[in-house]
Amino acid sequence: MTDHAVLTDTPQRGAEDTDRAERVAARAEAVAAVAREFADAVDSESRFPREAIEEARAQGLLAAPIPEADGGLGYSITELCRMLERVGRECTSTAMILAMHHSQVLCLTRHADTDFLRDYTRRVAAEGLLLASATTEAQIGGDTRNSTCAVRPIEDGRVALHKSCPVISYGAYADAILVTARRSEDAASSDQVLLVVEAENLQLDRQRGWDALGMRGTCSESFELDATTPADAMFTVLFETISAQTMLPAAHCLWASAWLGMATQAGLTARSVVQKAARKTPGTTPPSALRLAELEVQLQSMTDVVHASVARYEAAWDDPAVTESMQFAIAMNTLKVSGAEAVRRIVGDAMVIVGITAFANRSPVSLARLYRDSIGPSVMVNNDRILLHTATLQLVSRGQR
């Protein structure tokens, strides 16, 4: 299996680019090492991966996408995604929390259009704040482009809202949550705004805990959310624009990169087992080697799709005409569906190659936790819902690519 390094893809880099790539890789490696150490405990206890997130904070990675001028690291989407590939090899929960956090930080970085939001972006960098997201809603589920809850003005230039949230991943551990709601109580369900609500202005009434099959450290609990926040903590730009340009494509690229890390780790484990078998019988190719070669085909295909999709997003980063187009939305939807299907298939096939020792929880080559985690991507924002949305887009698309 190819061990996909955390490097940029630009050929013939100068010394400065090489030094930057090494720093990106070193920070990712530091977080991956801590994530690896505590991954089993996070999974068995179904607890927040506090050690790895603290290491990410210490490395400055919670502010990675924020420009250096505002106190961040100024990472590109490609650098963020490669970092998540590395962390995803060690702990799915840690990688997914970082992916969800960075999708929210990118919304701030790109769309902050009030003094409050610009100041808060700098606070995220200075204090290493962790951001969560509340876009799903009871009776609406994974349809993030509609809301039943609404913002209502209260005294002292503040606004309030109540939202029934089927899931807020790591919501109880976040320093702030970015919440979607209708612009007003008279607004249509699709006329949405995005607000930053700091933890001290939140009341989260837990409705359901999190004892799940996989991704157990994401702590994706259900809450009734009550919040107040300054009116200028609300983005002026429509959520429709934020979603198209940033939240949806960033989330899908970041998620898929974490899943690619999972698939890569499964492939590396399978390769090590087949190599060990080959050393026992020099000159004879083990039967499992054929399955390993087939697995490499799948992994290379997933790698190419994820890397090409991330590159596509980076190329369109400053072009709203592209990022708000139907074809771009279809491409990002396709990335999510294909990545979710690929990781489950690759990890499952790797388990068959390794055999019963991969099935055992305490084996040195166990893939049990990774396999349970690999089921999650297909059901988080269910693939069927995304495929239906893609089909709707295709019916009205003119087919430009």
# chains A, B, ... in the order shown; residues from 1 in each chain; ligands from 1
>>> select_by_dssp(residues="range 126-286 of chain A", states="strand (DSSP E or B)", output="count of residues only")
54
>>> residues_around(residues="Met302 in chain A", least_positions_apart="4", cutoff="12 Å", atoms="only C-alpha atoms", output="JSON, numbers by chain")
{"A": [2, 4, 256, 257, 258, 259, 260, 261, 262, 263, 264, 267, 295, 296, 297, 298, 306, 307, 308, 309, 335, 336, 337, 338, 339, 340, 341, 342, 343, 344, 345, 346]}
>>> atom_distance(atom1="CA of Glu79 in chain A", atom2="CA of Ala15 in chain A")
17.2 Å
>>> closest_residue(among="A:Thr109, A:Gln104, A:Ser147, A:Thr269", to="Ser133 in chain A", atoms="only C-alpha atoms")
A:Gln104
>>> atom_distance(atom1="CA of Thr246 in chain A", atom2="CA of Ile140 in chain A")
21.3 Å
>>> closest_residue(among="A:Gly72, A:Asp115, A:Ala56, A:Val151", to="Leu130 in chain A", atoms="only C-alpha atoms")
A:Ala56
>>> residues_around(residues="Ala174 in chain A", least_positions_apart="4", cutoff="9 Å", atoms="only C-alpha atoms", output="list in words")
Leu129, Leu130, Leu131, Ala132, Tyr170, Glu198 and Ala199 of chain A
>>> closest_residue(among="A:Ile242, A:Leu213, A:Leu98, A:Ala289", to="Tyr371 in chain A", atoms="only C-alpha atoms")
A:Leu213
>>> atom_distance(atom1="CA of Arg271 in chain A", atom2="CA of Gly355 in chain A")
12.4 Å
>>> select_by_dssp(residues="range 127-227 of chain A", states="helix (DSSP H, G or I)", output="count of residues only")
10
>>> closest_residue(among="A:Ala176, A:Val31, A:Leu290, A:Val396", to="Gln59 in chain A", atoms="only C-alpha atoms")
A:Val31
>>> closest_residue(among="A:Leu248, A:Ala25, A:Met100, A:Leu106", to="Ile77 in chain A", atoms="only C-alpha atoms")
A:Leu106
>>> residues_around(residues="Glu90 in chain A", least_positions_apart="6", cutoff="8 Å", atoms="only C-alpha atoms", output="ChimeraX atom specification")
/A:32-33,35-36,39,262,265
>>> closest_residue(among="A:Val310, A:Arg118, A:Asn146, A:Arg182", to="Ala251 in chain A", atoms="only C-alpha atoms")
A:Val310
>>> residues_around(residues="Gly209 in chain A", least_positions_apart="2", cutoff="8 Å", atoms="only C-alpha atoms", output="PyMOL selection string")
chain A and resi 206-207+211+219-222
